[in-house]
>>> print(open('structure_27.tsv').read())   # TSV, C-alpha atoms and all ligand atoms
chain	number	residue	atom	x	y	z
L	1	MET	CA	12.79	66.88	4.08
L	2	ALA	CA	13.72	67.65	7.70
L	3	SER	CA	14.22	64.53	9.75
L	4	ALA	CA	13.46	64.30	13.47
L	5	THR	CA	16.24	64.09	16.03
L	6	VAL	CA	16.63	60.58	17.42
L	7	LEU	CA	17.96	60.45	21.00
L	8	PRO	CA	18.83	57.47	23.20
L	9	ALA	CA	16.00	57.10	25.70
L	10	SER	CA	18.41	55.89	28.38
L	11	ALA	CA	19.86	59.41	28.89
L	12	PRO	CA	17.97	61.48	31.51
L	13	GLU	CA	18.55	64.65	29.40
L	14	SER	CA	16.62	63.02	26.55
L	15	ILE	CA	13.61	62.49	28.80
L	16	ARG	CA	13.79	66.07	30.09
L	17	LEU	CA	13.98	67.45	26.56
L	18	ALA	CA	11.12	65.22	25.39
L	19	ALA	CA	8.93	66.20	28.35
L	20	GLY	CA	9.53	69.90	27.58
L	21	ILE	CA	8.43	69.34	23.97
L	22	ILE	CA	5.23	67.62	25.17
L	23	ARG	CA	4.47	70.43	27.64
L	24	ASN	CA	4.91	72.99	24.85
L	25	GLY	CA	2.40	71.24	22.58
L	26	GLY	CA	4.94	69.32	20.45
L	27	LEU	CA	5.06	65.67	19.42
L	28	VAL	CA	7.45	62.99	20.69
L	29	ALA	CA	7.63	59.39	19.51
L	30	PHE	CA	8.48	57.07	22.42
L	31	PRO	CA	8.78	53.35	23.13
L	32	THR	CA	6.17	51.37	25.04
L	33	GLU	CA	6.17	47.63	25.76
L	34	THR	CA	3.71	47.09	22.86
L	35	VAL	CA	4.67	49.43	19.97
L	36	TYR	CA	6.10	52.96	19.65
L	37	GLY	CA	3.61	55.76	20.33
L	38	LEU	CA	3.29	59.24	18.84
L	39	GLY	CA	2.71	61.33	21.96
L	40	GLY	CA	1.26	64.75	22.66
L	41	ASP	CA	-0.38	66.49	25.65
L	42	ALA	CA	-3.82	64.86	25.87
L	43	LEU	CA	-5.35	67.96	27.45
L	44	ASN	CA	-4.05	70.37	24.78
L	45	PRO	CA	-6.39	70.33	21.74
L	46	ASP	CA	-3.70	71.87	19.49
L	47	ALA	CA	-1.23	69.11	20.32
L	48	VAL	CA	-3.92	66.49	19.74
L	49	ALA	CA	-4.79	68.08	16.39
L	50	ARG	CA	-1.11	67.82	15.41
L	51	ILE	CA	-1.15	64.07	16.16
L	52	PHE	CA	-4.09	63.55	13.77
L	53	GLU	CA	-2.38	65.66	11.13
L	54	ALA	CA	0.98	63.89	11.43
L	55	LYS	CA	-0.63	60.46	11.08
L	56	GLN	CA	-3.18	61.58	8.48
L	57	ARG	CA	-5.63	59.91	10.80
L	58	PRO	CA	-9.38	60.39	10.29
L	59	HIS	CA	-11.03	62.30	13.13
L	60	PHE	CA	-13.56	59.55	13.83
L	61	ASP	CA	-10.74	57.39	15.24
L	62	PRO	CA	-10.17	58.23	18.94
L	63	LEU	CA	-6.81	58.13	20.77
L	64	ILE	CA	-5.57	56.24	23.82
L	65	VAL	CA	-4.48	58.42	26.77
L	66	HIS	CA	-1.39	57.20	28.65
L	67	ILE	CA	-0.90	57.76	32.38
L	68	ALA	CA	1.85	56.83	34.85
L	69	ASP	CA	-0.22	56.37	38.02
L	70	GLU	CA	-3.83	55.85	39.05
L	71	ALA	CA	-4.06	59.33	40.57
L	72	ALA	CA	-4.09	60.69	37.01
L	73	LEU	CA	-7.39	58.89	36.33
L	74	GLU	CA	-9.30	61.42	38.40
L	75	ALA	CA	-8.91	64.10	35.71
L	76	LEU	CA	-9.72	61.77	32.80
L	77	ALA	CA	-12.26	59.19	33.96
L	78	PRO	CA	-13.44	59.78	37.54
L	79	LEU	CA	-16.17	57.11	37.49
L	80	VAL	CA	-14.19	53.96	38.20
L	81	SER	CA	-16.08	50.89	39.45
L	82	ALA	CA	-14.79	48.10	41.68
L	83	ARG	CA	-14.74	45.88	38.57
L	84	ASP	CA	-12.58	48.40	36.70
L	85	ARG	CA	-10.21	48.53	39.68
L	86	ARG	CA	-9.79	44.76	39.66
L	87	LEU	CA	-8.57	44.89	36.06
L	88	MET	CA	-6.22	47.78	36.83
L	89	GLU	CA	-4.79	45.90	39.79
L	90	ALA	CA	-4.27	42.79	37.72
L	91	PHE	CA	-2.83	44.29	34.52
L	92	TRP	CA	-1.57	47.84	35.15
L	93	PRO	CA	1.02	48.90	34.39
L	94	GLY	CA	0.92	46.79	31.22
L	95	PRO	CA	-0.62	46.18	27.80
L	96	LEU	CA	-4.29	46.69	28.72
L	97	THR	CA	-6.36	49.73	27.66
L	98	LEU	CA	-9.67	50.39	29.42
L	99	VAL	CA	-12.49	52.39	27.84
L	100	LEU	CA	-14.25	54.36	30.60
L	101	PRO	CA	-16.82	57.19	30.85
L	102	LYS	CA	-14.86	60.38	30.23
L	103	HIS	CA	-14.39	63.55	32.28
L	104	ALA	CA	-15.76	66.69	30.59
L	105	ARG	CA	-12.28	68.23	30.39
L	106	VAL	CA	-10.91	65.56	28.03
L	107	PRO	CA	-10.96	67.29	24.61
L	108	ASP	CA	-13.55	65.89	22.18
L	109	LEU	CA	-10.84	65.53	19.57
L	110	VAL	CA	-9.13	62.87	21.74
L	111	THR	CA	-12.27	60.76	22.00
L	112	ALA	CA	-13.74	61.54	18.55
L	113	GLY	CA	-16.75	62.99	20.31
L	114	LEU	CA	-17.49	59.76	22.20
L	115	PRO	CA	-18.66	59.95	25.84
L	116	THR	CA	-15.83	57.52	26.72
L	117	VAL	CA	-12.03	57.74	26.89
L	118	ALA	CA	-9.48	54.94	26.39
L	119	VAL	CA	-6.84	54.92	29.16
L	120	ARG	CA	-3.68	52.87	29.45
L	121	MET	CA	-0.79	52.75	31.95
L	122	PRO	CA	2.24	51.46	30.03
L	123	SER	CA	4.88	49.43	31.88
L	124	HIS	CA	7.83	50.53	29.73
L	125	PRO	CA	10.21	52.56	31.95
L	126	VAL	CA	10.80	55.17	29.23
L	127	ALA	CA	7.06	55.73	28.72
L	128	GLN	CA	6.60	55.99	32.49
L	129	ALA	CA	9.49	58.43	32.91
L	130	LEU	CA	8.26	60.60	30.04
L	131	ILE	CA	4.69	60.84	31.37
L	132	ARG	CA	5.91	61.65	34.89
L	133	GLU	CA	8.42	64.26	33.71
L	134	ALA	CA	5.85	65.89	31.38
L	135	GLY	CA	3.33	66.06	34.22
L	136	VAL	CA	0.40	65.64	31.81
L	137	PRO	CA	-1.44	62.61	30.43
L	138	ILE	CA	-0.07	61.73	26.98
L	139	ALA	CA	-2.37	60.91	24.06
L	140	ALA	CA	-0.54	58.47	21.80
L	141	PRO	CA	-1.60	56.40	18.85
L	142	SER	CA	0.89	53.99	17.32
L	143	ALA	CA	3.62	56.09	15.64
L	144	ASN	CA	2.89	55.17	12.02
L	145	PRO	CA	1.00	56.83	9.16
L	146	PHE	CA	-2.69	55.83	9.39
L	147	GLY	CA	-3.44	52.31	8.21
L	148	CYS	CA	0.21	51.23	8.00
L	149	VAL	CA	2.06	48.61	10.01
L	150	SER	CA	2.79	49.77	13.60
L	151	PRO	CA	6.43	50.57	14.53
L	152	THR	CA	8.32	48.30	16.90
L	153	CYS	CA	11.65	50.17	16.81
L	154	ALA	CA	12.81	53.79	16.46
L	155	GLU	CA	13.95	53.25	12.86
L	156	HIS	CA	10.38	52.26	11.83
L	157	VAL	CA	9.15	55.58	13.28
L	158	ARG	CA	11.81	57.55	11.43
L	159	GLU	CA	10.89	55.87	8.13
L	160	GLY	CA	7.17	56.60	8.50
L	161	LEU	CA	6.92	59.89	10.38
L	162	GLY	CA	10.51	61.20	10.52
L	163	ASP	CA	9.64	64.62	9.14
L	164	ARG	CA	6.46	65.09	11.20
L	165	VAL	CA	7.59	64.54	14.78
L	166	ASP	CA	9.76	66.82	16.91
L	167	LEU	CA	11.78	64.08	18.60
L	168	ILE	CA	12.11	60.29	18.58
L	169	LEU	CA	13.21	58.56	21.80
L	170	ASP	CA	15.07	55.38	20.88
L	171	GLY	CA	14.49	52.72	23.52
L	172	GLY	CA	15.33	49.69	21.37
L	173	PRO	CA	12.86	47.12	20.04
L	174	CYS	CA	9.47	46.66	21.74
L	175	LEU	CA	9.14	43.47	23.78
L	176	ILE	CA	5.50	42.62	23.01
L	177	GLY	CA	5.19	43.80	19.41
L	178	VAL	CA	1.39	44.01	19.04
L	179	GLU	CA	-0.80	46.83	20.37
L	180	SER	CA	-2.52	46.69	23.76
L	181	THR	CA	-5.67	44.71	24.47
L	182	ILE	CA	-8.64	47.14	24.53
L	183	VAL	CA	-11.62	46.41	26.78
L	184	SER	CA	-14.67	48.65	27.05
L	185	MET	CA	-15.90	48.97	30.61
L	186	ALA	CA	-18.61	51.49	29.67
L	187	GLY	CA	-21.44	48.99	29.10
L	188	THR	CA	-23.19	46.40	31.26
L	189	TRP	CA	-20.56	43.77	30.45
L	190	PRO	CA	-16.88	44.21	29.75
L	191	GLU	CA	-16.30	43.94	26.00
L	192	LEU	CA	-13.09	43.07	24.18
L	193	LEU	CA	-12.63	45.65	21.40
L	194	ARG	CA	-9.10	44.69	20.30
L	195	PRO	CA	-7.20	41.51	21.20
L	196	GLY	CA	-3.63	41.85	22.52
L	197	GLN	CA	-1.21	40.16	24.86
L	198	VAL	CA	-3.64	40.27	27.80
L	199	THR	CA	-5.90	37.40	26.71
L	200	LEU	CA	-9.66	36.81	27.00
L	201	ALA	CA	-9.00	33.95	29.43
L	202	GLU	CA	-6.90	36.22	31.67
L	203	LEU	CA	-9.58	38.94	31.60
L	204	ARG	CA	-12.37	36.47	32.38
L	205	ASN	CA	-10.35	35.13	35.25
L	206	ILE	CA	-10.48	38.55	36.90
L	207	VAL	CA	-13.95	39.89	35.96
L	208	GLY	CA	-16.04	36.94	34.75
L	209	PRO	CA	-17.91	37.26	31.42
L	210	VAL	CA	-16.26	39.40	28.73
L	211	LEU	CA	-18.07	39.96	25.42
L	212	ARG	CA	-16.24	39.88	22.11
L	213	THR	CA	-17.01	42.50	19.51
L	214	ASP	CA	-17.38	41.23	16.00
L	215	GLY	CA	-14.59	42.94	14.05
L	216	SER	CA	-17.12	44.20	11.48
L	217	GLN	CA	-18.78	46.54	14.00
L	218	ALA	CA	-16.70	49.58	13.11
L	219	THR	CA	-18.58	51.80	15.55
L	220	ALA	CA	-17.64	49.92	18.74
L	221	ALA	CA	-13.89	50.48	18.30
L	222	PRO	CA	-13.98	53.18	15.68
L	223	GLY	CA	-10.40	52.75	14.52
L	224	GLN	CA	-10.69	49.03	13.99
L	225	LEU	CA	-11.28	49.21	10.25
L	226	PRO	CA	-11.28	45.93	8.31
L	227	ARG	CA	-8.12	46.93	6.42
L	228	HIS	CA	-5.41	48.16	8.77
L	229	TYR	CA	-1.79	47.33	9.57
L	230	ALA	CA	-1.55	47.02	5.80
L	231	THR	CA	1.51	46.23	3.71
L	232	ARG	CA	1.77	47.67	0.19
L	233	THR	CA	2.19	44.13	-1.13
L	234	PRO	CA	-1.16	42.31	-1.23
L	235	MET	CA	-1.35	39.54	1.36
L	236	THR	CA	-3.27	36.27	1.63
L	237	VAL	CA	-3.69	34.33	4.87
L	238	LEU	CA	-3.33	30.59	4.15
L	239	ALA	CA	-6.19	28.28	5.15
L	240	ALA	CA	-4.10	26.32	7.65
L	241	PRO	CA	-0.53	26.09	8.94
L	242	GLY	CA	1.68	24.13	6.57
L	243	TYR	CA	-0.54	24.84	3.52
L	244	ARG	CA	1.43	25.23	0.31
L	245	PRO	CA	1.09	28.81	-0.95
L	246	PRO	CA	-0.63	28.72	-4.38
L	247	VAL	CA	2.19	30.64	-6.08
L	248	GLN	CA	1.53	31.23	-9.80
L	249	ASP	CA	4.12	30.74	-12.54
L	250	GLY	CA	6.39	33.76	-12.60
L	251	GLU	CA	4.92	35.21	-9.42
L	252	ARG	CA	7.47	36.43	-6.86
L	253	ALA	CA	5.96	35.58	-3.51
L	254	GLY	CA	7.00	35.94	0.13
L	255	LEU	CA	6.05	33.70	3.03
L	256	LEU	CA	5.40	34.77	6.60
L	257	ALA	CA	5.85	31.49	8.47
L	258	MET	CA	4.75	30.99	12.09
L	259	SER	CA	7.43	28.37	12.75
L	260	ALA	CA	10.47	26.79	11.09
L	261	ARG	CA	8.22	23.94	9.89
L	262	GLY	CA	6.25	26.34	7.67
L	263	GLN	CA	9.19	27.13	5.39
L	264	ARG	CA	10.02	23.57	4.23
L	265	ASP	CA	9.88	23.15	0.44
L	266	THR	CA	8.22	26.48	-0.02
L	267	PRO	CA	7.64	27.87	-3.53
L	268	CYS	CA	8.19	31.38	-2.14
L	269	CYS	CA	11.42	33.22	-2.93
L	270	ALA	CA	11.57	35.01	0.44
L	271	VAL	CA	10.66	33.68	3.87
L	272	GLU	CA	10.36	35.23	7.33
L	273	VAL	CA	10.02	32.80	10.24
L	274	LEU	CA	8.27	34.50	13.18
L	275	SER	CA	9.42	31.96	15.76
L	276	PRO	CA	11.49	28.87	14.92
L	277	SER	CA	9.80	26.91	17.73
L	278	GLY	CA	6.32	28.34	17.07
L	279	ASP	CA	6.24	30.37	20.30
L	280	LEU	CA	3.43	32.95	20.08
L	281	ARG	CA	5.14	35.60	22.21
L	282	GLU	CA	8.22	35.47	20.01
L	283	ALA	CA	5.99	35.51	16.90
L	284	ALA	CA	4.09	38.61	18.09
L	285	ARG	CA	7.34	40.41	18.92
L	286	ASN	CA	8.69	39.79	15.39
L	287	LEU	CA	5.43	40.22	13.46
L	288	PHE	CA	5.51	43.86	12.35
L	289	ALA	CA	9.26	44.01	11.62
L	290	ALA	CA	8.98	40.83	9.53
L	291	LEU	CA	6.00	42.25	7.60
L	292	ARG	CA	8.02	45.41	6.88
L	293	ARG	CA	11.03	43.43	5.65
L	294	LEU	CA	8.88	41.34	3.29
L	295	ASP	CA	7.06	44.45	2.10
L	296	ALA	CA	10.37	46.16	1.28
L	297	LEU	CA	11.22	43.41	-1.24
L	298	ALA	CA	8.46	44.64	-3.61
L	299	LEU	CA	7.21	41.11	-4.22
L	300	ASP	CA	3.96	40.33	-6.09
L	301	ARG	CA	2.22	38.73	-3.12
L	302	LEU	CA	2.72	37.71	0.50
L	303	TYR	CA	1.32	34.54	2.04
L	304	ALA	CA	0.90	34.33	5.81
L	305	GLU	CA	0.66	31.12	7.72
L	306	PRO	CA	-2.18	31.28	10.30
L	307	CYS	CA	-1.86	30.34	13.97
L	308	GLU	CA	-4.47	29.02	16.34
L	309	GLU	CA	-6.88	31.79	17.42
L	310	ARG	CA	-6.40	31.33	21.13
L	311	GLY	CA	-4.61	33.44	23.69
L	312	LEU	CA	-2.12	35.74	22.02
L	313	GLY	CA	-2.90	33.92	18.73
L	314	LEU	CA	-6.17	35.89	18.62
L	315	ALA	CA	-4.23	39.17	18.44
L	316	ILE	CA	-1.79	37.88	15.81
L	317	MET	CA	-4.62	36.60	13.58
L	318	ASP	CA	-6.57	39.86	14.05
L	319	ARG	CA	-3.57	41.83	12.69
L	320	LEU	CA	-2.96	39.38	9.82
L	321	ARG	CA	-6.62	39.45	8.73
L	322	ARG	CA	-6.72	43.25	8.74
L	323	CYS	CA	-3.50	43.34	6.74
L	324	ALA	CA	-4.97	40.90	4.20
L	325	ALA	CA	-8.43	42.55	3.97
L	326	PRO	CA	-9.23	43.86	0.49
L	327	LEU	CA	-9.09	47.61	-0.19
L	328	THR	CA	-12.65	48.90	-0.10
L	401	LIG	O1	-0.46	49.47	22.54
L	401	LIG	C1	-1.13	50.46	22.25
L	401	LIG	O2	-2.31	50.60	22.61
L	401	LIG	C2	-0.43	51.56	21.42
L	401	LIG	C3	0.67	52.20	22.29
L	401	LIG	C4	1.30	53.38	21.63
L	401	LIG	O3	0.16	52.51	23.54
L	401	LIG	N1	-1.38	52.52	20.96
L	401	LIG	C5	-2.28	52.26	19.97
L	401	LIG	O4	-3.05	53.33	19.60
L	401	LIG	O5	-2.39	51.17	19.45
L	401	LIG	P1	-3.91	53.38	18.24
L	401	LIG	O6	-4.36	54.78	18.14
L	401	LIG	O7	-3.10	52.87	17.13
L	401	LIG	O8	-5.14	52.49	18.53
L	401	LIG	C6	-6.11	52.96	19.43
L	401	LIG	C7	-7.39	52.22	19.28
L	401	LIG	C8	-8.17	52.64	18.06
L	401	LIG	O9	-8.53	51.50	17.31
L	401	LIG	C9	-9.40	53.33	18.62
L	401	LIG	O10	-10.53	53.08	17.88
L	401	LIG	C10	-9.52	52.72	20.01
L	401	LIG	O11	-8.20	52.54	20.42
L	401	LIG	N2	-10.17	53.65	20.93
L	401	LIG	C11	-9.67	54.78	21.46
L	401	LIG	N3	-10.59	55.42	22.22
L	401	LIG	C12	-11.69	54.66	22.19
L	401	LIG	C13	-12.99	54.78	22.79
L	401	LIG	N4	-13.34	55.82	23.56
L	401	LIG	N5	-13.89	53.80	22.53
L	401	LIG	C14	-13.55	52.75	21.75
L	401	LIG	N6	-12.34	52.58	21.16
L	401	LIG	C15	-11.43	53.52	21.37
L	402	MG	MG	-2.53	52.12	15.30
>>> encode(input="structure_27.tsv", output="structure tokens", more="lines below")
Ligand code: TXA
Ligand code: MG
Amino acid sequence: MASATVLPASAPESIRLAAGIIRNGGLVAFPTETVYGLGGDALNPDAVARIFEAKQRPHFDPLIVHIADEAALEALAPLVSARDRRLMEAFWPGPLTLVLPKHARVPDLVTAGLPTVAVRMPSHPVAQALIREAGVPIAAPSANPFGCVSPTCAEHVREGLGDRVDLILDGGPCLIGVESTIVSMAGTWPELLRPGQVTLAELRNIVGPVLRTDGSQATAAPGQLPRHYATRTPMTVLAAPGYRPPVQDGERAGLLAMSARGQRDTPCCAVEVLSPSGDLREAARNLFAALRRLDALALDRLYAEPCEERGLGLAIMDRLRRCAAPLT
């Protein structure tokens, strides 16, 4: 199996090479502040088709388009309201994706036929440099096979998609660790479609009321399937922090603990502590790598300690629930 070239993102030649690949319709995995993305030219339907193929992603699940400056919006989503602008001013560049009415030239494949397009301006310097150098908006889902845990370092990308991407830019581990907050601005009220580091309270501070989509409404954020971010090992989310995992006799279980407190006297044979002090930012940053390490142990079951569903805790619990959801 051919394996993709991995280049240090800090070298300017790497960025030039990567941008050339994007312009020629190829695929480049690159770091963002949230997770690694699998990028292709958003305005080239062939490149976009390759993204879906590489990820084995169903075509009903639309992609996020990444831009480096607001001028690029004109060609993607020209109808921007004063309310949209306030959010952009407050959170761009950064981990917020806005769903806006789309320009006719955005390929239907990108938006899964929806009349809207999801746009994000990442703050990661490598992502910014790549988009600028390529000179085109970059469509990029998380760089993992569909349904699997998102990658937070270049090695995760190589493991999952190494033979299906032309180049991987290694920019070290991602600082945030969970995917961007997605807000739809296409309806009467802003609506939170996926929780992330930009919290509901922060959004409401800027634009007033923000609705919350019930996670079961698969049509609102088409890719937000109940089971997602899944490990191969079945996972159970414990009822409360500090709960003793109900490990059966002979069962080899792993524990995903939110803080150092969670691992005391545990009946589990493997433990990952997301943040010794229980800090949610640190926990989010470590979440996906810790899930991958536990999954690699081929245990019988994983138990995850919950955190409070407030602020960034909403995003962490969203990912844990989707990981633990039964196969349907
Ligand atoms: O942090 C992130 O957002 C990362 C990095 C790479 O930027 N990207 C990412 O992409 O998480 P992906 O493809 O894994 O998740 C995109 C989500 C999907 O759940 C999809 O349903 C939703 O965005 N989405 C995209 N376009 C949409 C639209 N027009 N309306 C509603 N939801 C949309
Ligand atoms: Mg994803």
>>> atom_distance(input="structure_27.tsv", atom1="atom C14 of ligand LIG 401 (chain L)", atom2="atom CA of Asp295 of chain L")
29.7 Å
>>> residues_around(input="structure_27.tsv", residues="His66 of chain L", least_positions_apart="6", cutoff="9 Å", atoms="only C-alpha atoms", output="list in words")
Gly39, Ala42, Ala118, Val119, Arg120, Met121, Pro122, Ala127, Gln128, Ile131, Pro137, Ile138, Ala139 and Ala140 of chain L
>>> atom_distance(input="structure_27.tsv", atom1="atom CA of Pro95 of chain L", atom2="atom CA of Ala77 of chain L")
18.5 Å
>>> residues_around(input="structure_27.tsv", residues="Met317 of chain L", least_positions_apart="6", cutoff="7 Å", atoms="all atoms listed in the file", output="PyMOL selection string")
chain L and resi 306-307+309
>>> residues_around(input="structure_27.tsv", residues="segment 157-166 of chain L", least_positions_apart="5", cutoff="8 Å", atoms="only C-alpha atoms", output="VMD selection string")
chain L and resid 1 to 5 21 26 to 29 36 38 54 to 55 143 to 145 151
>>> closest_atom_pairs(input="structure_27.tsv", of="chain L", to="ligand LIG 401 (chain L)", cutoff="8 Å", atoms="all atoms listed in the file", output="tab-separated table")
residue	atom	partner	partner_atom	distance
L:Pro31	CA	L:LIG401	C4	7.6
L:Thr32	CA	L:LIG401	C3	6.2
L:Glu33	CA	L:LIG401	O1	7.6
L:Thr34	CA	L:LIG401	O1	4.8
L:Val35	CA	L:LIG401	C3	5.4
L:Tyr36	CA	L:LIG401	C4	5.2
L:Gly37	CA	L:LIG401	C4	3.6
L:Leu38	CA	L:LIG401	C4	6.8
L:Asp61	CA	L:LIG401	O10	5.1
L:Pro62	CA	L:LIG401	C11	4.3
L:Leu63	CA	L:LIG401	C11	4.5
L:Ile64	CA	L:LIG401	C11	5.0
L:His66	CA	L:LIG401	O3	7.1
L:Pro95	CA	L:LIG401	O1	6.2
L:Leu96	CA	L:LIG401	O2	7.5
L:Thr97	CA	L:LIG401	O2	6.5
L:Val99	CA	L:LIG401	N4	5.6
L:Leu100	CA	L:LIG401	N4	7.2
L:Val110	CA	L:LIG401	N3	7.6
L:Thr111	CA	L:LIG401	N4	5.3
L:Ala112	CA	L:LIG401	N4	7.6
L:Leu114	CA	L:LIG401	N4	5.9
L:Pro115	CA	L:LIG401	N4	7.1
L:Thr116	CA	L:LIG401	N4	4.4
L:Val117	CA	L:LIG401	N4	4.1
L:Ala118	CA	L:LIG401	N3	4.3
L:Val119	CA	L:LIG401	N3	7.9
L:Arg120	CA	L:LIG401	O3	7.1
L:Pro122	CA	L:LIG401	O3	6.9
L:Ala140	CA	L:LIG401	C4	5.4
L:Pro141	CA	L:LIG401	O6	3.3
L:Ser142	CA	L:LIG401	O7	4.1
L:Ala143	CA	L:LIG401	C4	7.0
L:Ser150	CA	L:LIG401	O7	7.5
L:Val178	CA	L:LIG401	O1	6.7
L:Glu179	CA	L:LIG401	O1	3.4
L:Ser180	CA	L:LIG401	O1	3.7
L:Thr181	CA	L:LIG401	O2	7.0
L:Ile182	CA	L:LIG401	O11	6.8
L:Ser184	CA	L:LIG401	C14	6.8
L:Leu193	CA	L:LIG401	N6	6.9
L:Arg194	CA	L:LIG401	O9	7.5
L:Ala220	CA	L:LIG401	C14	5.8
L:Ala221	CA	L:LIG401	N6	3.9
L:Pro222	CA	L:LIG401	O10	4.1
L:Gly223	CA	L:LIG401	O10	3.4
L:Gln224	CA	L:LIG401	O9	4.7
L:Leu225	CA	L:LIG401	O9	7.9
>>> residues_around(input="structure_27.tsv", residues="Ala253 of chain L", least_positions_apart="5", cutoff="9 Å", atoms="all atoms listed in the file", output="PyMOL selection string")
chain L and resi 245+247-248+267-271+299-303
